[in-house]
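Participant: File follows, protein20.cif with mmCIF, C-alpha atoms and all ligand atoms:
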data_model
loop_
_atom_site.label_atom_id
_atom_site.label_comp_id
_atom_site.auth_asym_id
_atom_site.auth_seq_id
_atom_site.Cartn_x
_atom_site.Cartn_y
_atom_site.Cartn_z
CA MET R 1 61.98 95.25 83.22
CA TYR R 2 63.90 97.53 85.62
CA GLN R 3 61.73 96.43 88.52
CA ASP R 4 62.56 92.76 87.85
CA ILE R 5 66.27 93.38 87.73
CA PHE R 6 66.25 95.22 91.02
CA SER R 7 64.02 92.75 92.81
CA SER R 8 66.01 89.74 91.66
CA ALA R 9 69.25 91.44 92.78
CA ILE R 10 67.72 91.85 96.24
CA ALA R 11 66.33 88.29 96.19
CA ALA R 12 69.87 87.01 95.60
CA VAL R 13 71.14 88.85 98.66
CA ARG R 14 68.25 87.51 100.76
CA GLU R 15 68.85 83.99 99.54
CA GLU R 16 72.40 84.10 100.82
CA GLY R 17 71.17 85.24 104.22
CA ARG R 18 72.98 88.54 104.00
CA TYR R 19 70.14 90.97 103.38
CA ARG R 20 71.11 94.07 105.32
CA GLU R 21 68.81 95.39 108.00
CA PHE R 22 69.89 98.57 109.70
CA ALA R 23 69.25 98.79 113.43
CA ASP R 24 67.23 101.97 114.04
CA LEU R 25 68.96 103.48 117.06
CA LYS R 26 69.17 106.70 118.99
CA ARG R 27 72.32 106.89 121.06
CA ILE R 28 71.71 108.43 124.49
CA THR R 29 74.07 111.25 125.45
CA GLY R 30 75.69 110.74 128.81
CA ARG R 31 74.78 107.06 128.94
CA PHE R 32 77.32 105.61 126.51
CA PRO R 33 77.26 102.78 125.32
CA ARG R 34 73.45 102.71 125.63
CA ALA R 35 70.99 103.52 122.87
CA THR R 36 67.25 103.40 122.35
CA TRP R 37 66.33 100.81 119.76
CA TYR R 38 63.28 101.55 117.59
CA GLY R 39 62.47 97.88 117.04
CA PRO R 40 59.45 96.11 115.50
CA ASN R 41 57.84 95.79 118.95
CA GLY R 42 58.42 99.35 120.07
CA LEU R 43 61.25 101.08 121.89
CA LYS R 44 63.77 99.58 124.25
CA GLU R 45 67.16 100.39 125.69
CA VAL R 46 70.08 98.31 124.45
CA THR R 47 73.85 98.17 124.95
CA VAL R 48 75.82 98.80 121.78
CA TRP R 49 78.77 96.41 121.36
CA CYS R 50 79.85 97.11 117.80
CA SER R 51 80.38 100.85 117.45
CA ASN R 52 83.53 102.38 115.99
CA ASP R 53 83.22 105.21 118.51
CA TYR R 54 85.97 103.23 120.21
CA LEU R 55 86.63 105.65 123.06
CA GLY R 56 83.20 107.20 123.50
CA MET R 57 84.53 110.56 122.30
CA GLY R 58 81.29 111.14 120.38
CA GLN R 59 79.77 112.05 123.74
CA HIS R 60 82.76 113.60 125.48
CA LYS R 61 81.88 116.87 127.20
CA ASP R 62 84.79 118.82 125.64
CA VAL R 63 83.75 117.67 122.18
CA LEU R 64 80.10 118.55 122.70
CA GLY R 65 81.05 121.86 124.30
CA ALA R 66 83.24 122.81 121.35
CA MET R 67 80.47 121.91 118.92
CA HIS R 68 77.87 123.97 120.79
CA THR R 69 80.23 126.94 120.82
CA ALA R 70 81.05 126.62 117.12
CA LEU R 71 77.39 126.30 116.21
CA ASP R 72 76.54 129.51 118.03
CA GLU R 73 79.60 131.33 116.68
CA THR R 74 79.58 130.34 113.04
CA GLY R 75 76.32 128.57 112.15
CA ALA R 76 75.41 125.27 110.55
CA GLY R 77 77.13 124.73 107.21
CA ALA R 78 80.48 125.79 105.78
CA GLY R 79 78.85 127.73 102.97
CA GLY R 80 81.03 126.58 100.12
CA THR R 81 83.89 124.50 98.84
CA ARG R 82 87.27 125.16 100.39
CA ASN R 83 88.23 127.35 97.44
CA ILE R 84 85.03 129.35 97.29
CA ALA R 85 84.07 130.80 100.68
CA GLY R 86 84.07 127.44 102.50
CA THR R 87 87.38 127.58 104.39
CA ASN R 88 86.40 128.18 107.99
CA HIS R 89 89.04 128.98 110.58
CA TYR R 90 88.21 125.68 112.32
CA HIS R 91 89.34 123.77 109.23
CA VAL R 92 92.66 125.58 109.24
CA GLU R 93 93.25 124.93 112.92
CA LEU R 94 92.29 121.29 112.63
CA GLU R 95 94.62 120.70 109.68
CA LYS R 96 97.51 122.15 111.70
CA GLU R 97 96.62 119.99 114.67
CA LEU R 98 96.51 116.82 112.53
CA ALA R 99 99.82 117.63 110.81
CA ASP R 100 101.35 118.00 114.28
CA LEU R 101 99.74 114.76 115.47
CA HIS R 102 101.60 112.81 112.79
CA GLY R 103 104.74 114.96 112.70
CA LYS R 104 104.08 116.05 109.12
CA GLU R 105 104.37 119.45 107.45
CA ALA R 106 100.73 119.69 106.40
CA GLY R 107 97.27 118.19 106.70
CA LEU R 108 94.21 118.22 104.45
CA LEU R 109 90.60 117.59 105.43
CA PHE R 110 88.02 115.61 103.45
CA ASN R 111 84.37 114.95 104.18
CA SER R 112 85.08 111.34 105.13
CA GLY R 113 87.90 108.88 105.46
CA TYR R 114 86.47 107.11 102.43
CA MET R 115 86.80 110.26 100.36
CA SER R 116 90.33 110.96 101.59
CA ASN R 117 91.50 107.52 100.40
CA GLN R 118 89.59 107.60 97.15
CA ALA R 119 90.62 111.13 96.20
CA THR R 120 94.25 110.95 97.30
CA LEU R 121 95.15 107.57 95.82
CA SER R 122 93.48 108.30 92.50
CA THR R 123 95.19 111.68 92.25
CA LEU R 124 98.63 110.30 93.12
CA ALA R 125 98.32 107.55 90.54
CA LEU R 126 97.26 110.09 87.91
CA LEU R 127 100.06 112.53 88.76
CA LEU R 128 102.95 110.05 88.87
CA PRO R 129 103.87 109.11 85.29
CA ASP R 130 103.64 105.38 84.53
CA CYS R 131 103.04 104.62 88.19
CA VAL R 132 102.49 101.17 89.77
CA VAL R 133 100.42 100.82 92.94
CA PHE R 134 101.25 97.93 95.27
CA SER R 135 98.09 97.28 97.23
CA ASP R 136 97.72 94.96 100.25
CA ALA R 137 95.18 92.22 99.48
CA LEU R 138 92.94 93.26 102.39
CA ASN R 139 92.88 96.99 101.76
CA HIS R 140 89.64 98.85 102.45
CA SER R 141 87.18 99.40 99.63
CA SER R 142 87.89 103.16 99.57
CA MET R 143 91.56 102.54 98.77
CA ILE R 144 90.67 100.00 96.09
CA GLU R 145 88.26 102.45 94.47
CA GLY R 146 90.89 105.19 94.54
CA ILE R 147 93.49 102.95 92.95
CA LYS R 148 91.00 101.90 90.25
CA ALA R 149 90.14 105.49 89.48
CA GLY R 150 93.85 106.32 89.13
CA ARG R 151 93.99 103.90 86.16
CA SER R 152 97.64 103.00 86.80
CA ASP R 153 99.05 99.47 86.86
CA LYS R 154 98.21 97.71 90.10
CA VAL R 155 99.89 94.80 91.88
CA ILE R 156 98.15 93.10 94.80
CA TRP R 157 100.48 91.64 97.42
CA GLN R 158 99.51 89.06 100.01
CA HIS R 159 98.17 90.53 103.19
CA ASN R 160 100.92 91.80 105.55
CA ASP R 161 103.44 89.57 103.72
CA ILE R 162 106.73 91.43 103.21
CA VAL R 163 108.36 88.48 101.41
CA ASP R 164 105.62 88.54 98.79
CA LEU R 165 105.77 92.34 98.61
CA GLU R 166 109.51 92.28 97.98
CA GLU R 167 109.19 89.65 95.25
CA LYS R 168 106.62 91.82 93.52
CA LEU R 169 108.60 95.05 93.92
CA LYS R 170 111.71 93.39 92.47
CA LYS R 171 109.94 92.66 89.21
CA VAL R 172 109.23 96.31 88.44
CA ASP R 173 111.81 98.71 86.98
CA ILE R 174 113.45 100.57 89.88
CA ASN R 175 112.94 103.89 88.08
CA ARG R 176 109.19 103.58 87.70
CA PRO R 177 107.21 105.55 90.32
CA LYS R 178 105.63 103.22 92.88
CA ILE R 179 103.16 103.58 95.74
CA ILE R 180 102.81 100.97 98.47
CA ALA R 181 99.30 101.33 99.91
CA PHE R 182 98.36 99.58 103.15
CA GLU R 183 96.65 99.91 106.53
CA SER R 184 98.06 99.77 110.06
CA VAL R 185 95.26 98.06 112.02
CA TYR R 186 93.03 95.92 109.80
CA SER R 187 89.55 96.34 111.16
CA MET R 188 88.02 92.89 110.66
CA ASP R 189 90.79 90.62 112.01
CA GLY R 190 92.45 93.26 114.18
CA ASP R 191 95.95 92.43 112.94
CA ILE R 192 98.67 95.04 112.42
CA ALA R 193 101.00 95.68 109.46
CA PRO R 194 104.81 95.50 109.82
CA ILE R 195 105.15 99.20 109.03
CA ALA R 196 108.92 99.61 109.53
CA GLU R 197 109.68 96.60 107.31
CA ILE R 198 107.37 97.84 104.59
CA CYS R 199 109.00 101.28 104.71
CA ALA R 200 112.46 99.68 104.48
CA LEU R 201 111.34 97.91 101.29
CA ALA R 202 109.94 101.18 100.00
CA ARG R 203 113.35 102.82 100.41
CA LYS R 204 115.14 99.86 98.83
CA TYR R 205 112.87 99.80 95.77
CA ASN R 206 112.29 103.52 95.40
CA ALA R 207 108.60 103.54 96.36
CA MET R 208 106.33 105.98 98.20
CA THR R 209 104.25 104.77 101.14
CA TYR R 210 100.57 105.47 101.78
CA LEU R 211 99.22 104.31 105.13
CA ASP R 212 95.58 104.17 106.28
CA GLU R 213 95.61 104.57 110.07
CA VAL R 214 91.84 104.89 110.31
CA HIS R 215 91.42 102.24 113.03
CA ALA R 216 94.48 103.35 114.96
CA VAL R 217 94.31 107.14 115.24
CA GLY R 218 93.32 108.18 118.74
CA MET R 219 93.89 104.59 119.86
CA TYR R 220 97.64 103.98 119.87
CA GLY R 221 100.79 105.89 120.69
CA PRO R 222 101.53 108.35 123.49
CA ARG R 223 99.62 111.09 121.65
CA GLY R 224 97.07 108.95 119.84
CA GLY R 225 98.86 109.30 116.51
CA GLY R 226 98.26 105.64 115.68
CA ILE R 227 100.60 102.67 115.26
CA THR R 228 103.21 104.92 113.63
CA ASP R 229 103.16 107.02 116.82
CA ARG R 230 103.38 103.93 119.05
CA ASP R 231 106.31 102.53 117.05
CA GLY R 232 108.02 105.86 116.34
CA VAL R 233 107.94 105.38 112.57
CA ALA R 234 105.66 108.19 111.37
CA ASP R 235 108.62 109.93 109.69
CA GLN R 236 109.20 106.87 107.48
CA VAL R 237 105.72 106.98 105.95
CA ASP R 238 105.09 109.53 103.19
CA ILE R 239 101.33 109.89 103.59
CA ILE R 240 99.33 109.05 106.71
CA GLU R 241 95.57 108.99 106.26
CA GLY R 242 92.99 108.91 109.05
CA THR R 243 89.39 109.47 110.01
CA LEU R 244 87.76 111.78 112.51
CA ALA R 245 84.74 109.46 112.69
CA LYS R 246 86.00 106.45 114.63
CA ALA R 247 88.09 106.93 117.80
CA PHE R 248 87.78 110.71 117.47
CA GLY R 249 84.01 110.25 117.53
CA VAL R 250 82.95 112.97 115.07
CA MET R 251 83.10 112.92 111.26
CA GLY R 252 85.49 113.65 108.40
CA GLY R 253 88.72 112.28 106.97
CA TYR R 254 92.20 113.60 106.33
CA ILE R 255 95.69 113.05 105.03
CA THR R 256 98.96 114.38 106.43
CA ALA R 257 102.17 114.55 104.40
CA SER R 258 104.85 116.93 103.14
CA ALA R 259 103.73 120.41 102.15
CA GLU R 260 104.31 119.60 98.45
CA ILE R 261 102.16 116.46 98.46
CA VAL R 262 99.32 118.17 100.33
CA ASP R 263 99.54 121.14 97.95
CA CYS R 264 99.20 118.76 94.99
CA ILE R 265 96.21 116.88 96.39
CA ARG R 266 94.55 120.17 97.32
CA SER R 267 95.07 121.43 93.78
CA TYR R 268 94.28 118.31 91.73
CA ALA R 269 91.90 115.97 93.62
CA SER R 270 88.36 116.43 92.38
CA GLY R 271 86.90 114.72 95.47
CA PHE R 272 88.45 117.52 97.48
CA ILE R 273 87.90 120.45 95.13
CA PHE R 274 84.28 119.94 94.14
CA SER R 275 82.63 119.16 97.47
CA THR R 276 81.38 121.59 100.11
CA SER R 277 83.76 121.52 103.04
CA LEU R 278 83.01 119.85 106.35
CA ALA R 279 80.52 121.70 108.59
CA PRO R 280 82.60 123.90 110.92
CA VAL R 281 80.78 122.37 113.89
CA LEU R 282 82.27 119.01 112.95
CA ALA R 283 85.74 120.48 112.56
CA ALA R 284 85.44 122.15 115.97
CA GLY R 285 84.32 118.90 117.62
CA ALA R 286 87.09 116.90 115.96
CA LEU R 287 89.65 119.52 116.99
CA ALA R 288 88.59 119.21 120.64
CA SER R 289 88.70 115.42 120.39
CA VAL R 290 92.16 115.28 118.81
CA ARG R 291 93.50 117.74 121.39
CA HIS R 292 91.98 115.80 124.27
CA LEU R 293 93.37 112.45 123.13
CA LYS R 294 96.80 113.96 122.48
CA ALA R 295 97.04 114.88 126.14
CA SER R 296 95.11 112.03 127.78
CA GLY R 297 96.08 108.35 127.64
CA GLU R 298 93.44 107.24 130.13
CA GLU R 299 90.81 106.36 127.49
CA ARG R 300 93.37 104.27 125.56
CA ARG R 301 94.51 102.49 128.72
CA LEU R 302 90.99 101.54 129.79
CA GLN R 303 90.01 100.48 126.28
CA GLN R 304 93.02 98.15 126.01
CA LEU R 305 92.28 96.75 129.45
CA HIS R 306 88.66 95.98 128.55
CA ALA R 307 89.64 94.42 125.22
CA LYS R 308 92.06 92.12 127.03
CA LEU R 309 89.49 91.21 129.68
CA LEU R 310 86.83 90.48 127.08
CA LYS R 311 89.15 88.21 125.07
CA GLU R 312 90.05 86.31 128.27
CA LYS R 313 86.44 85.88 129.37
CA LEU R 314 85.29 84.66 125.97
CA ALA R 315 88.21 82.23 125.71
CA GLU R 316 87.44 80.81 129.18
CA ARG R 317 84.09 79.62 127.81
CA GLY R 318 85.65 78.23 124.66
CA LEU R 319 83.98 80.83 122.45
CA PRO R 320 85.97 81.16 119.19
CA VAL R 321 87.46 84.58 119.82
CA VAL R 322 90.33 85.75 117.64
CA HIS R 323 93.24 86.76 119.88
CA SER R 324 94.05 89.83 117.86
CA VAL R 325 97.00 92.04 118.73
CA SER R 326 94.75 95.09 118.63
CA HIS R 327 91.64 96.44 120.32
CA ILE R 328 89.27 94.59 117.97
CA VAL R 329 87.61 91.41 119.23
CA PRO R 330 86.24 89.17 116.46
CA VAL R 331 84.19 86.08 117.37
CA MET R 332 83.88 83.65 114.47
CA VAL R 333 80.51 82.19 113.45
CA CYS R 334 81.32 81.24 109.83
CA ASP R 335 77.74 81.08 108.57
CA PRO R 336 75.72 84.10 107.42
CA VAL R 337 72.30 82.77 108.45
CA ILE R 338 73.35 81.68 111.93
CA CYS R 339 75.29 84.90 112.37
CA LYS R 340 72.14 86.89 111.70
CA SER R 341 69.85 84.75 113.92
CA LEU R 342 72.37 84.89 116.74
CA THR R 343 72.51 88.67 116.70
CA ASP R 344 68.70 88.86 116.46
CA GLU R 345 68.49 86.79 119.65
CA LEU R 346 71.11 88.94 121.36
CA MET R 347 69.02 92.02 120.66
CA GLU R 348 65.64 90.52 121.49
CA LYS R 349 66.48 88.44 124.56
CA TYR R 350 69.53 90.11 126.00
CA ASP R 351 69.21 93.78 124.95
CA ILE R 352 72.65 93.62 123.36
CA TYR R 353 73.24 95.07 119.93
CA VAL R 354 75.92 93.45 117.76
CA GLN R 355 75.65 93.77 113.99
CA PRO R 356 76.42 90.52 112.11
CA ILE R 357 79.42 90.97 109.80
CA ASN R 358 78.79 89.25 106.48
CA TYR R 359 80.07 89.26 102.90
CA PRO R 360 81.26 91.53 101.24
CA THR R 361 82.72 93.10 104.41
CA VAL R 362 84.44 89.76 105.12
CA PRO R 363 84.90 86.74 102.80
CA ARG R 364 82.07 84.19 102.57
CA GLY R 365 82.46 81.56 105.30
CA ALA R 366 84.24 84.06 107.59
CA GLU R 367 81.05 85.61 109.01
CA ARG R 368 81.54 86.90 112.52
CA LEU R 369 80.60 89.10 115.39
CA ARG R 370 82.96 92.02 115.69
CA LEU R 371 82.97 93.29 119.25
CA THR R 372 84.39 96.70 120.08
CA PRO R 373 84.84 97.21 123.82
CA THR R 374 85.34 100.80 124.94
CA PRO R 375 86.47 102.46 128.17
CA MET R 376 82.79 102.45 129.16
CA HIS R 377 82.26 98.69 128.66
CA GLY R 378 83.34 97.68 132.17
CA PRO R 379 83.62 94.23 133.81
CA ASP R 380 79.84 93.97 134.41
CA GLU R 381 79.05 94.61 130.76
CA ILE R 382 81.74 92.13 129.78
CA ASP R 383 80.23 89.47 132.03
CA ARG R 384 76.78 90.11 130.58
CA ILE R 385 77.80 89.65 126.97
CA THR R 386 79.98 86.64 127.77
CA SER R 387 77.10 84.83 129.49
CA ALA R 388 74.70 85.75 126.71
CA LEU R 389 77.04 84.39 124.04
CA ASP R 390 77.72 81.28 126.11
CA GLU R 391 73.99 80.52 126.29
CA LEU R 392 73.45 81.23 122.61
CA TRP R 393 76.42 79.08 121.55
CA THR R 394 74.73 76.17 123.33
CA ALA R 395 71.26 76.99 121.98
CA PHE R 396 72.57 77.12 118.40
CA GLY R 397 74.85 74.09 118.87
CA LEU R 398 77.89 76.02 117.69
CA LYS R 399 81.48 74.81 117.86
CA ARG R 400 83.75 75.85 120.69
CA ASP R 401 87.52 76.03 120.91
CA LYS R 402 88.94 72.85 122.37
CA ALA R 403 91.24 74.35 124.97
CA ALA R 404 88.33 75.41 127.18
C1 LIG P 1 85.92 103.20 107.94
C2 LIG P 1 87.14 103.11 107.09
C3 LIG P 1 87.47 104.11 106.18
C4 LIG P 1 86.51 105.22 105.86
O1 LIG P 1 86.46 106.18 106.87
P1 LIG P 1 85.12 107.02 107.04
O2 LIG P 1 85.57 108.23 107.76
O3 LIG P 1 84.17 106.17 107.81
O4 LIG P 1 84.61 107.31 105.66
C5 LIG P 1 88.68 104.06 105.52
N1 LIG P 1 89.54 103.05 105.74
C6 LIG P 1 89.24 102.04 106.58
C7 LIG P 1 90.22 100.95 106.76
C8 LIG P 1 88.02 102.02 107.26
O5 LIG P 1 87.70 101.01 108.04
#
Let me see the file written as structure tokens.
Ligand SMILES: *Cc1c(COP(=O)(O)O)cnc(C)c1O
Facilitator:
Amino acid sequence: MYQDIFSSAIAAVREEGRYREFADLKRITGRFPRATWYGPNGLKEVTVWCSNDYLGMGQHKDVLGAMHTALDETGAGAGGTRNIAGTNHYHVELEKELADLHGKEAGLLFNSGYMSNQATLSTLALLLPDCVVFSDALNHSSMIEGIKAGRSDKVIWQHNDIVDLEEKLKKVDINRPKIIAFESVYSMDGDIAPIAEICALARKYNAMTYLDEVHAVGMYGPRGGGITDRDGVADQVDIIEGTLAKAFGVMGGYITASAEIVDCIRSYASGFIFSTSLAPVLAAGALASVRHLKASGEERRLQQLHAKLLKEKLAERGLPVVHSVSHIVPVMVCDPVICKSLTDELMEKYDIYVQPINYPTVPRGAERLRLTPTPMHGPDEIDRITSALDELWTAFGLKRDKAA
């Protein structure tokens, strides 16, 4: 019986053309963005075009150096939860650095960005009596799960729509505790939230703000503090959440906020309390990465330049690129089966790895390629992928934008 249930669940996924196959890769240190692909016909070298290691910091010499040093100094694992023997000095230093990055009093580390959202939002909703969470319609799964676990009332407002948000805020008693939960850069369309306007509504309607800056930390602002850093609005947001695993290139998640809020999450959130803390090696690597990107804007400048160039080149050929206002470059395919075949061809014929993005990551019918140029994807790489996609668009008979 069990076997049948599981195999028919998988058959349903296959039928839709969205059965997930993981590319078996080994990234090659010093040769970013190249990796060895362990494919069905043996090994070959490919160029990765869909990594969230947006700035190549996962191979930066300062980051690797710090990790080697920490490994030799303090060993492999943390040895416990934060409360019981697992607070390593690297955690403490990193939390201070992150608090400073966002101009907040305190920071708190989690084992992933997912966990930081899940644990913090659920704990807030449980702590605030009779709370209502106002959640953007396109919030990440980790925020949705946190809100669900908090068991408070929840109101979903239309994506990035402050008129809709205000209408919904108006309907709730001004004295009830409220949390507005949203992201800065949305990772699939690459659009950006109107943070200052949302914070103004929060003040008007007596709400707290919770902002996921996962796709923006390291990437925007003079110190890499995200869109709030770029726009000078970090002080208006109550809680800024981020990851150490995307632009910072390592692993782990965090929140920064007032000392009282951080003290509460540290004391009440089970996803924080009952899990062994991040390996000190990871904290040391993340610390080096955050410090480097605070001081250096060169990686951000080159990344933005390459994103702009890639969008221009794709548009010249009439390929349906989304002209996002961020560093993310989506190319729409709008069919799960074609999306998968296209990326198979890219890998097999052109040595280019792009993972097809299908439901449930994006809605059905909005299947796409999600390209993530980095400082190391220069003009030659951009030309190579543009030509490859141009040829494949013809081979598959796909639609082009008219302007071209
Ligand atoms: C990736 C992601 C997370 C989770 O971060 P991890 O560190 O990878 O667990 C949270 N929020 C958003 C919007 C994300 O895209």
Participant: As an MDAnalysis selection string, please: the residues near Leu293 in chain R (cut-off 9 Å, all atoms listed in the file, same-chain neighbours under 2 positions excluded).
Facilitator: chainID R and resid 218:219 223:224 248 288:291 295:300
Participant: Using all atoms listed in the file, what table do you get, as CSV, when you list each residue of chain R with an atom no more than 10 Å from ligand LIG 1 (chain P), its nearest pair of atoms, and their distance in Å rounded to one decimal, rows by chain then rising number?
Facilitator:
residue,atom,partner,partner_atom,distance
R:Asn52,CA,P:LIG1,C1,8.4
R:Phe110,CA,P:LIG1,O2,8.9
R:Asn111,CA,P:LIG1,O2,7.7
R:Ser112,CA,P:LIG1,O4,4.1
R:Gly113,CA,P:LIG1,O2,3.3
R:Tyr114,CA,P:LIG1,O4,3.7
R:Met115,CA,P:LIG1,O4,6.4
R:Ser116,CA,P:LIG1,O4,7.9
R:Asn117,CA,P:LIG1,C5,6.8
R:Gln118,CA,P:LIG1,C5,9.1
R:Leu138,CA,P:LIG1,C7,9.3
R:Asn139,CA,P:LIG1,C7,6.9
R:His140,CA,P:LIG1,C7,4.8
R:Ser141,CA,P:LIG1,N1,7.5
R:Ser142,CA,P:LIG1,C5,6.1
R:Met143,CA,P:LIG1,N1,7.3
R:Phe182,CA,P:LIG1,C7,9.0
R:Glu183,CA,P:LIG1,C7,6.5
R:Ser184,CA,P:LIG1,C7,8.6
R:Val185,CA,P:LIG1,C7,7.8
R:Tyr186,CA,P:LIG1,C7,6.5
R:Ser187,CA,P:LIG1,O5,5.9
R:Met188,CA,P:LIG1,O5,8.5
R:Leu211,CA,P:LIG1,C7,9.7
R:Asp212,CA,P:LIG1,N1,6.2
R:Glu213,CA,P:LIG1,C7,7.3
R:Val214,CA,P:LIG1,C6,5.4
R:His215,CA,P:LIG1,O5,6.3
R:Ala216,CA,P:LIG1,C7,9.5
R:Glu241,CA,P:LIG1,N1,8.5
R:Gly242,CA,P:LIG1,C5,7.4
R:Thr243,CA,P:LIG1,O2,4.6
R:Leu244,CA,P:LIG1,O2,6.3
R:Ala245,CA,P:LIG1,O2,5.1
R:Lys246,CA,P:LIG1,O3,7.1
R:Val250,CA,P:LIG1,O2,9.1
R:Met251,CA,P:LIG1,O2,6.4
R:Gly252,CA,P:LIG1,O2,5.5
R:Gly253,CA,P:LIG1,O2,5.2
R:Tyr254,CA,P:LIG1,O2,8.7
Participant: Edge lengths and centre in Å to one decimal, as AutoDock Vina command-line options, of the axis-aligned box that encloses all listed atoms of range 384-393 of chain R with 8 Å added on every side?
Facilitator:
--center_x 76.7 --center_y 84.6 --center_z 126.1 --size_x 22.5 --size_y 27.0 --size_z 25.0
Participant: One decimal, Å: what's the distance from CA of His327 in chain R over to CA of Pro33 in chain R, could you say?
Facilitator: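 Calculated distance between CA of His327 in chain R and CA of Pro33 in chain R is 16.5 Å.
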Participant: Of the residues R:Ala395, R:Met1, R:Val172, R:Ile328, which is the one nearest to Asp189 in chain R, using only C-alpha atoms?
Facilitator: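 So, comparing all the options, the nearest one is R:Ile328.
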Participant: Compare R:Cys131, R:Leu369, R:Ala106, R:Leu319 by their minimum atom-to-atom distance to Asn206 in chain R, counting all atoms listed in the file, and give me the closest one.
Facilitator: R:Cys131
Participant: Quick check, in Å to one decimal: how far apart do CA of Ala70 in chain R and CA of Pro280 in chain R lie?
Facilitator: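 Computing it gives 6.9 Å between the two atoms.
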Participant: What does the distance between CA of Glu348 in chain R and CA of Trp49 in chain R come to in Å, to one decimal place?
Facilitator: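 Computing it gives 14.4 Å between the two atoms.
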Participant: List every protein, DNA or RNA residue that has at least one atom no more than 8 Å from (102.6, 93.4, 104.1) in the file's coordinates, counting only C-alpha atoms, and write the result as number ranges by chain.
Facilitator: R: 136, 157-162, 164-165, 182, 193-194, 198
Participant: Can you pull out the residues contacting range 166-169 of chain R? Cut-off 9 Å, using all atoms listed in the file, and skip same-chain residues under 5 positions away; I want them as a list in words.
Facilitator: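 In the requested form, the answer reads Phe134, Val155, Ile156, Trp157, Asp161, Ile174, Lys178, Ile198, Leu201, Ala202, Tyr205 and Ala207 of chain R.
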Participant: I'd like to know which of R:Gln236, R:Thr361, R:Thr36, R:Gln3 is closest to Gly103 in chain R, using only C-alpha atoms.
Facilitator: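 Nearest to Gly103 in chain R: R:Gln236.
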Participant: Could the residues of range 286-342 of chain R that have an atom at most 9 Å from range 385-389 of chain R be listed as JSON lines, each with its closest atom pair and the distance in Å to one decimal, counting only C-alpha atoms and ordered by chain and ascending residue number?
Facilitator:
{"residue": "R:Leu310", "atom": "CA", "partner": "R:Thr386", "partner_atom": "CA", "distance": 7.9}
{"residue": "R:Lys313", "atom": "CA", "partner": "R:Thr386", "partner_atom": "CA", "distance": 6.7}
{"residue": "R:Leu314", "atom": "CA", "partner": "R:Thr386", "partner_atom": "CA", "distance": 5.9}
{"residue": "R:Arg317", "atom": "CA", "partner": "R:Thr386", "partner_atom": "CA", "distance": 8.1}
{"residue": "R:Leu319", "atom": "CA", "partner": "R:Leu389", "partner_atom": "CA", "distance": 8.0}
{"residue": "R:Leu342", "atom": "CA", "partner": "R:Leu389", "partner_atom": "CA", "distance": 8.7}
Participant: Excluding Asp351 in chain R and any residue of its chain fewer than 2 positions from it, enumerate the residues within 12 Å of it, using only C-alpha atoms, and give them as a PyMOL selection string.
Facilitator: chain R and resi 34-37+39+43-49+343-349+353-354+381+384-385+388
Participant: Those residues you just picked out, can you put them in a file as a short mmCIF file (atom, residue, chain, number, x, y, z; two decimals), keeping the file's coordinate frame with C-alpha atoms?
Facilitator:
data_model
loop_
_atom_site.label_atom_id
_atom_site.label_comp_id
_atom_site.auth_asym_id
_atom_site.auth_seq_id
_atom_site.Cartn_x
_atom_site.Cartn_y
_atom_site.Cartn_z
CA ARG R 34 73.45 102.71 125.63
CA ALA R 35 70.99 103.52 122.87
CA THR R 36 67.25 103.40 122.35
CA TRP R 37 66.33 100.81 119.76
CA GLY R 39 62.47 97.88 117.04
CA LEU R 43 61.25 101.08 121.89
CA LYS R 44 63.77 99.58 124.25
CA GLU R 45 67.16 100.39 125.69
CA VAL R 46 70.08 98.31 124.45
CA THR R 47 73.85 98.17 124.95
CA VAL R 48 75.82 98.80 121.78
CA TRP R 49 78.77 96.41 121.36
CA THR R 343 72.51 88.67 116.70
CA ASP R 344 68.70 88.86 116.46
CA GLU R 345 68.49 86.79 119.65
CA LEU R 346 71.11 88.94 121.36
CA MET R 347 69.02 92.02 120.66
CA GLU R 348 65.64 90.52 121.49
CA LYS R 349 66.48 88.44 124.56
CA TYR R 353 73.24 95.07 119.93
CA VAL R 354 75.92 93.45 117.76
CA GLU R 381 79.05 94.61 130.76
CA ARG R 384 76.78 90.11 130.58
CA ILE R 385 77.80 89.65 126.97
CA ALA R 388 74.70 85.75 126.71
#
Participant: With all atoms listed in the file as the basis for distance, which of R:Ser258, R:Asn358, R:Ser324, R:Gln303 is at the shortest distance from Met376 in chain R?
Facilitator: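 Among the listed residues, the smallest separation from Met376 in chain R belongs to R:Gln303.
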Participant: Which residues are near range 56-61 of chain R? Cut-off 7 Å, all atoms listed in the file, ignore same chain within fewer than 2 positions. Put them as a ChimeraX atom specification.
Facilitator: /R:29-30,32,53-54,63-65,247-250,289,374
